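Shown next, in structure tokens, is the structure this report addresses.
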Amino acid sequence: MFLAFSMLGATFAYAQQPVKKPLDHSVYDSWQSIGTQLISNNGQWVVYTVTPQEGDASLVIYDRKTATSVTVPRGSSPAISQDSRHVVFSIKPFYKDTREAKIKKKKGPEMPKDSIGIIELGKPGIVKFPGVKSFKIPAKGSGLLAFLTEKPAADSAKSKKTKTGKDTDSDRADDDKSGAGSAESGMLVIRQLHTGIQDTIKNVADYAISKPGNNLLISITSDKKDSLSRTGVLLWHAATRKADTLSRGYGDYKQFAFDEKGEQAAYFGTRDSARALQQFYQLYYYKPGQDSAIVAVNKNTSGVPSNWTISANSLIYFSEEGKRLFFGTAPVLPAKDTTIVDFEVAKVDIWNYKDDYLQPMQLKNADKELKRSYAAVYYPAARRMIQLADKDMETVVVPAKNDGPYALGYTDKGERISLQWIGRTLKTAYLINLEDGTRKKIKDRLDGFFLISPAGNYISWYDLVNKEWVAYNNTAGTTVNMSKGITTAVFDEEDDHPDVPEAYGMAGWMQDDQAVLIYDRYDIWQADPSGKRPAFLLTGGEGRRNKIRFRQVRLDAEQKFFKADETLILSAFSDSTRYNGYYSLRLPGKSGKIKQQPKQLVFSPNSYPELIRAKDAPVYAFTRASYTASPDVYTGEEMAKAVKISSTNPQQQSYNWGTAELYKWTTFSGKQAEGILYKPEDFDSNKKYPVIFYFYEKLTDGLFNYHAPAPTPSRLNISFFVSRGYLVFAPDITYENGYPGKSAYDYIVSAAEDIARKPWADGKNMGIQGQSWGGYQVAYLITQTPLFKAAWAGAPVANMTSAYGGIRWESGMNRQFQYEHSQSRIGATLWEKPELYIENSPLFNLPRVTTPLAIMANDADGAVPWYQGIELFTGLRRLGKPVWMLNYNNEAHNLVQRQNRKDIQRREQQFFDHFLKGAPAPQWLESGVPATEKGINWGF
């Protein structure tokens with residue numbers, strides 16, 4: 001009796017469970033994601049942001065000791081002090097206030113402004129300041145904060161302390177009224193975080209804080225309302241809270257830099273008026289003991305090439321020991337001719353077959369070229385300047401430990417025309433002597449890329465043609481093939497392009513350049529650049545045995561090399577299960593012996609988008625997700641036992657979500673294939689579901705990725721359609737050179753026929769969707785089979801013969817390389833194999849189409865010329881086939897503007913619901929929307 005009663009109770013309880021809702025278009029804005037993640041150096045505090053797709057974000061500060069958290073509404077861009085005592089962050093204006101200001105078409109000064117918040121960790125309250133442009137804290141020091149306000153900051157006594165997580169009326173009033181102030185300069189506030197003592201400096205245009213936090217460089221501008229104000233550069237000392245004047249008088253000063261100790265300083269400056277036809281900048285240098293900064297280099301300095309000058313667009317940085325100061329120079333540009341009247345000047349682009357780059361590419365990069373700088377170095381002790389780069393060798397790479405004797409220089413000059421059909425250029429490398437600027441050619445016309453080791457002892461390169469890693473000894477002048485002892489391929493084993501395969505890459509170098517860590521498909525090898533010791537498997541073959549791909553995770557942005565006995569953290573990905581996780585690997589000691597195999601830390605059916613580690617404690621914080629689990633933050637000393645400290649998107653539990661699983665089948669050509677099958681959460685094997693096939697190339701690596709319901713730039717909104725009762729299938733595709741269309745057919749159509757035989761799949765109501773390369777495949781497939789009842793192609797190529805010679809307007813590059821060497825995979829020129837271009841072009845088989853097709857082709861598409869969509873549309877229209885085209889005005893290859901993303905999601909749902917579920921056709925499908933009703937009637 002008890003058993004029967006229990007069973008009855010269970011049945012009754014089940015019956016009372018509410019039916020979950022399908023997702024709709026109203027859910028997008030509030031759906032959250034994890035943004036910035038930080039962990040304090042002592043490991044106690046984890047800071048992260050939670051951001052809705054549209055609306056007000058929040059900042060969360062979690063205390064690992066007490067397992068409690070503090071939430072700050074609208075907090076963003078946090079920074080934690082080096083001593084783990086303070087967190088500083090921006091506070092954004094209310095989203096609705098910014099939106100209202102945009103509606104009223106308010107500009108700059110009238111727009112709502114950011115505030116700044118300061119929290120002393122472990123103590124209640126927030127100190128806030130309104131109208132803040134920017135803030136900076138030292139990279140390696142503590143106790144100091146500098147921030148630039150839009151207007152004079154409030155007295156420290158007026159700084160508000162509120163209960164954490166609440167916005168008082170005064171908070172909001174400050175946010176609302178913070179729009180006043182100069183757009184060019186503001187008040188700089190320098191605050192001692194430990195005491196709250198503040199110093200202020202008026203009319204500040206720019207500022208920089210040294211890594212140790214002992215000094216600030218400050219550029220000030222004159223105030224027309226203050227006759228006593230002056231323009232110049234100040235050096236502010238944290239210890240004395242006083243400033244020295246390094247430069248005084250009218251001028252423009254920029255690109256402030258300190259050495260590692262925060263003692264030497266440098267910057268660019270010019271006394272020329274902003275209205276001058278030409279401005280000539282100088283390099284200013286300061287060291288302790290000087291009364292002011294000196295002009296170290298200008299256009300007349302020995303070593304600066306004739307008719308060249310200092311480039312204010314270049315970076316300035318000191319070498320690690322402060323003995324060198326790197327900067328850039330550039331040719332003097334001709335002054336603007338003020339006698340020329342614009343409306344009388346012809347507007348013409350001249351294309352010449354001898355040009356290095358096509359005119360569209362030149363025009364696209366014109367501003368970049370006008371701002372191009374060429375590396376140079378200044379030696380403060382000797383007051384000597386050396387030019388390193390020039391127009392014959394534009395690129396100079398200084399080693400990470402940049403006090404050594406050598407640098408790498410390389411150029412592709414003379415090899416650029418072939419970029420049109422190869423997609424890359426051959427490069428020639430030089431060894432540069434940093435002491436005198438002399439250079440020595442060490443490798444001519446490499447098809448590959450160059451690197452320099454951290455200590456500068458070696459220049460290495462990967463040779464794409466010979467598929468090998470090579471090290472050049474900078475002192476001895478000898479070369480070693482580092483790949484020689486590696487018994488597995490160091491290049492992409494699965495590459496299916498008509499080109500040389502890419503390298504798997506390099507993890508990095510050991511200290512003092514003693515060894516280099518090289519990837520194969522799964523494992524990591526240690527190779528000796530001197531050639532004295534054979535290469536050996538650091539991971540012991542664990543990766544290949546278990547088909548797990550190991551890759552080193554860089555947890556310290558400033559780490560230049562690996563040390564003996566150091567423990568690395570490796571990301572891990574399983575080729576067979578698609579599990580993700582992390583392993584640890586202890587590097588060999590001085591004996592060179594491997595001390596352990598990779599040790600599993602966490603490995604699961606999840607994705608791990610981000611991992612961080614405390615600098616001074618064995619504590620991790622990471623994001624974990626899956627298709628069913630929204631990304632959340634976890635923290636702990638052991639990853640497998642980490643505690644979840646966030647809870648994003650609890651509303652997901654109210655919606656019919658879904659599942660993701662690997663699905664396997666055999667293609668028409670007999671190949672074993674895999675894809676991801678997405679099913680609704682309430683999937684019932686006794687029902688039949690319409691199916692949408694979404695594809696690009698290979699997508700199964702993302703089996704455990706989370707797909708937030710969002711108005712996407714172009715791809716299928718998978719979670720949305722699955723929630724509404726569709727099956728979605730994403731097949732992997734491997735291509736045969738010369739036959740990309742047939743390859744797509746082999747995998748996609750064979751998968752569709754296989755799934756259609758399942759009792760739970762509605763084989764009569766199947767659709768396909770793809771964008772860009774996926775859009776091309778959609779267009780091709782509907783010319784080959786009537787299997788699909790509806791098709792949606794975003795930015796498709798319809799005619800390879802016309803697309804072949806087109807331009808990718810976002811880069812200015814010609815499209816020939818795509819067909820000969822890259823994604824389109826023809827592997828020959830149009831005149832060598834015209835039959836393959838025609839065979840693979842949907843346009844030539846349009847009479848065979850029976851499937852209704854929706855096309856998105858945007859008039860500002862920078863990747864696929866939108867006339868390809870026009871060719872497809874007009875051809876099908878001419879034949880009387882059901883076809884529609886959406887052109888989002890001034891939009892890119894993938895939609896950028898959120899309102900357009902929302903629009904296409906709605907139309908895509910209406911399209912597939914109509915053709916696959918029998919829903920009524922909306923006006924835009926049935927009769928269209930006249931141009932006279934554009935922007936008034938959306939045709940929904």
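The way I read the labels, and the way they are meant: chains A, B, ... in the order of the structure tokens, residue 1 as the first residue of every chain, and ligand 1 as the first ligand shown, with later ones counted on from there.
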
* To do: From the DSSP assignment of the backbone, select every residue of range 311-470 of chain A that is strand (DSSP E or B), and format the answer as a PyMOL selection string.
  => chain A and resi 317-318+325-331+374-379+384-387+390+393+395-397+406-411+427-433+439-446+448-452+458-463+468-470

I need the residues of range 532-655 of chain A that end up classed as helix (DSSP H, G or I) by DSSP on the backbone, written out as a PDB file with C-alpha atoms, in the first residue's frame.
ATOM      1  CA  GLU A 542      49.854  11.283 -23.542  1.00  0.00           C
ATOM      2  CA  GLY A 543      48.019  13.521 -25.969  1.00  0.00           C
ATOM      3  CA  ARG A 544      48.266  11.318 -29.060  1.00  0.00           C
ATOM      4  CA  ARG A 545      47.519   8.122 -27.128  1.00  0.00           C
ATOM      5  CA  ASN A 546      44.265   9.575 -25.833  1.00  0.00           C
ATOM      6  CA  MET A 639      39.802  23.096 -10.221  1.00  0.00           C
ATOM      7  CA  ALA A 640      37.831  19.877  -9.824  1.00  0.00           C
ATOM      8  CA  LYS A 641      36.525  21.103  -6.449  1.00  0.00           C
ATOM      9  CA  PRO A 650      18.274  31.793 -13.824  1.00  0.00           C
ATOM     10  CA  GLN A 651      15.334  32.576 -16.098  1.00  0.00           C
ATOM     11  CA  GLN A 652      16.558  29.825 -18.432  1.00  0.00           C
ATOM     12  CA  GLN A 653      14.858  27.302 -16.150  1.00  0.00           C
ATOM     13  CA  SER A 654      11.486  28.722 -17.197  1.00  0.00           C
TER      14      SER A 654
END

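Remark: for Asn894 in chain A, the closest of the candidate residues A:Thr623, A:Ser772, A:Gln909, A:Ser185 is A:Ser772 (distances computed over only C-alpha atoms).
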
* To do: Show which residues sit within 8 Å of Ile350 in chain A, as a VMD selection string. Count only C-alpha atoms, and ignore same-chain residues fewer than 2 positions away.
  => chain A and resid 348 352 359

Export, as a PDB file, in the first residue's frame, the selected residues with N, CA and C atoms.
ATOM      1  N   VAL A 348      40.434  60.854 -58.757  1.00  0.00           N
ATOM      2  CA  VAL A 348      40.725  59.681 -59.563  1.00  0.00           C
ATOM      3  C   VAL A 348      41.688  58.754 -58.820  1.00  0.00           C
ATOM      4  N   ASN A 352      47.887  50.708 -61.303  1.00  0.00           N
ATOM      5  CA  ASN A 352      49.052  50.377 -62.125  1.00  0.00           C
ATOM      6  C   ASN A 352      49.471  48.941 -61.833  1.00  0.00           C
ATOM      7  N   GLN A 359      44.997  49.237 -55.716  1.00  0.00           N
ATOM      8  CA  GLN A 359      44.519  50.541 -55.256  1.00  0.00           C
ATOM      9  C   GLN A 359      43.506  50.445 -54.107  1.00  0.00           C
TER      10      GLN A 359
END

* To do: Name the residues in contact with range 753-763 of chain A at a cut-off of 9 Å, using only C-alpha atoms, excluding same-chain residues fewer than 2 positions from it; report them as a list of chain:residue names.
  =>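 The filter keeps A:Trp665, A:Thr666, A:Asp684, A:Ser685, A:Asn686, A:Lys687, A:Lys688, A:Tyr689, A:Pro690, A:Val691, A:Leu727, A:Ile748, A:Val749, A:Ser750, A:Ala751, A:Asn765, A:Met766, A:Leu787, A:Phe788.
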
Residue subset to file, keeping C-alpha atoms, as a short mmCIF file (atom, residue, chain, number, x, y, z; two decimals), in the first residue's frame:
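Here's the written file result_19.cif:
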data_model
loop_
_atom_site.label_atom_id
_atom_site.label_comp_id
_atom_site.auth_asym_id
_atom_site.auth_seq_id
_atom_site.Cartn_x
_atom_site.Cartn_y
_atom_site.Cartn_z
CA TRP A 665 26.70 8.67 -39.89
CA THR A 666 28.38 7.49 -43.10
CA ASP A 684 9.54 13.13 -27.46
CA SER A 685 10.79 10.30 -29.67
CA ASN A 686 7.18 9.50 -30.59
CA LYS A 687 6.76 12.87 -32.28
CA LYS A 688 8.14 14.17 -35.56
CA TYR A 689 10.14 17.39 -35.59
CA PRO A 690 11.09 19.69 -38.47
CA VAL A 691 14.86 19.89 -38.96
CA LEU A 727 15.79 19.87 -34.41
CA ILE A 748 25.12 17.53 -45.68
CA VAL A 749 22.70 15.64 -47.92
CA SER A 750 23.85 12.24 -46.66
CA ALA A 751 23.29 13.48 -43.10
CA ASN A 765 10.00 19.48 -43.53
CA MET A 766 13.74 20.09 -43.52
CA LEU A 787 15.28 17.49 -50.46
CA PHE A 788 15.02 20.75 -48.54
#

* Of the candidates A:Arg275, A:Arg445, A:Arg906, A:Arg613, which one gets nearest to Glu637 in chain A if we count only C-alpha atoms? ->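 Among the listed residues, the smallest separation from Glu637 in chain A belongs to A:Arg613.
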
* Leaving out Asn606 in chain A and any residue of its chain fewer than 4 positions from it, which residues lie within 9 Å of it when counting only C-alpha atoms, given as a PyMOL selection string? -> chain A and resi 578-581+624-627+629+703-705

* To do: Please provide as a ChimeraX atom specification all residues within 7 Å of range 81-96 of chain A, with the sequence filter that same-chain residues fewer than 4 positions apart are discarded (counting only C-alpha atoms).
  => /A:40-42,55-56,74-77,100,112-121,140-142,175

All residues 12 Å or closer to range 936-938 of chain A, only C-alpha atoms, same chain fewer than 6 positions away omitted, as an mmCIF file with N, CA and C atoms, in the first residue's frame:
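Saved the output as out18.cif:
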data_model
loop_
_atom_site.group_PDB
_atom_site.id
_atom_site.type_symbol
_atom_site.label_atom_id
_atom_site.label_comp_id
_atom_site.auth_asym_id
_atom_site.auth_seq_id
_atom_site.Cartn_x
_atom_site.Cartn_y
_atom_site.Cartn_z
ATOM 1 N N ASN A 900 19.228 45.691 -36.535
ATOM 2 C CA ASN A 900 19.183 44.847 -37.719
ATOM 3 C C ASN A 900 19.267 43.369 -37.352
ATOM 4 N N ASP A 903 15.911 42.351 -36.287
ATOM 5 C CA ASP A 903 15.010 42.264 -37.431
ATOM 6 C C ASP A 903 15.174 40.935 -38.166
ATOM 7 N N ILE A 904 16.426 40.553 -38.423
ATOM 8 C CA ILE A 904 16.640 39.335 -39.205
ATOM 9 C C ILE A 904 16.236 38.092 -38.418
ATOM 10 N N ARG A 906 13.704 37.842 -36.443
ATOM 11 C CA ARG A 906 12.247 37.734 -36.566
ATOM 12 C C ARG A 906 11.860 37.223 -37.946
ATOM 13 N N ARG A 907 12.512 37.744 -38.972
ATOM 14 C CA ARG A 907 12.172 37.312 -40.337
ATOM 15 C C ARG A 907 12.582 35.851 -40.564
ATOM 16 N N PRO A 922 4.000 36.023 -43.612
ATOM 17 C CA PRO A 922 3.909 37.458 -43.322
ATOM 18 C C PRO A 922 3.902 38.249 -44.630
ATOM 19 N N GLN A 923 3.593 39.527 -44.527
ATOM 20 C CA GLN A 923 3.477 40.349 -45.726
ATOM 21 C C GLN A 923 4.772 40.368 -46.529
ATOM 22 N N TRP A 924 5.915 40.464 -45.854
ATOM 23 C CA TRP A 924 7.175 40.592 -46.598
ATOM 24 C C TRP A 924 7.453 39.371 -47.457
ATOM 25 N N LEU A 925 6.937 38.205 -47.055
ATOM 26 C CA LEU A 925 7.054 36.999 -47.865
ATOM 27 C C LEU A 925 5.970 36.941 -48.924
ATOM 28 N N GLY A 928 5.548 41.425 -50.274
ATOM 29 C CA GLY A 928 6.648 42.371 -50.254
ATOM 30 C C GLY A 928 6.280 43.682 -49.572
ATOM 31 N N VAL A 929 7.280 44.555 -49.438
ATOM 32 C CA VAL A 929 7.083 45.874 -48.830
ATOM 33 C C VAL A 929 7.580 46.916 -49.826
ATOM 34 N N PRO A 930 6.699 47.779 -50.331
ATOM 35 C CA PRO A 930 7.122 48.789 -51.318
ATOM 36 C C PRO A 930 8.135 49.765 -50.726
#

* Choose the residue, out of A:Tyr735, A:Tyr519, A:Tyr28, A:Tyr267, that has the smallest atom-to-atom separation from Gln53 in chain A; count only C-alpha atoms. =>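 That would be A:Tyr28, the residue with the smallest distance to Gln53 in chain A.
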
Within 12 Å of range 552-564 of chain A, which residues of range 335-401 of chain A come that close, and what is the closest atom pair and distance in Å for each? Count only C-alpha atoms and give it as a tab-separated table.
residue	atom	partner	partner_atom	distance
A:Pro399	CA	A:Lys560	CA	9.4
A:Ala400	CA	A:Lys560	CA	6.2
A:Lys401	CA	A:Lys560	CA	7.7

Closest atom pairs, residues of range 834-928 of chain A within 9 Å of range 822-829 of chain A, only C-alpha atoms, as CSV:
residue,atom,partner,partner_atom,distance
A:Pro834,CA,A:Thr829,CA,7.7
A:Leu836,CA,A:Ile826,CA,6.9
A:Tyr837,CA,A:Ile826,CA,7.3
A:Asn840,CA,A:Ile826,CA,8.7

Go through range 555-658 of chain A residue by residue and, counting only C-alpha atoms, keep those with an atom at most 7 Å from range 43-50 of chain A; for each kept residue give the shortest atom pair and its distance in Å to one decimal, ordered by chain and increasing number, as CSV.
residue,atom,partner,partner_atom,distance
A:Ala614,CA,A:Gly43,CA,5.1
A:Ala617,CA,A:Gly43,CA,5.5
A:Val619,CA,A:Gly43,CA,5.5
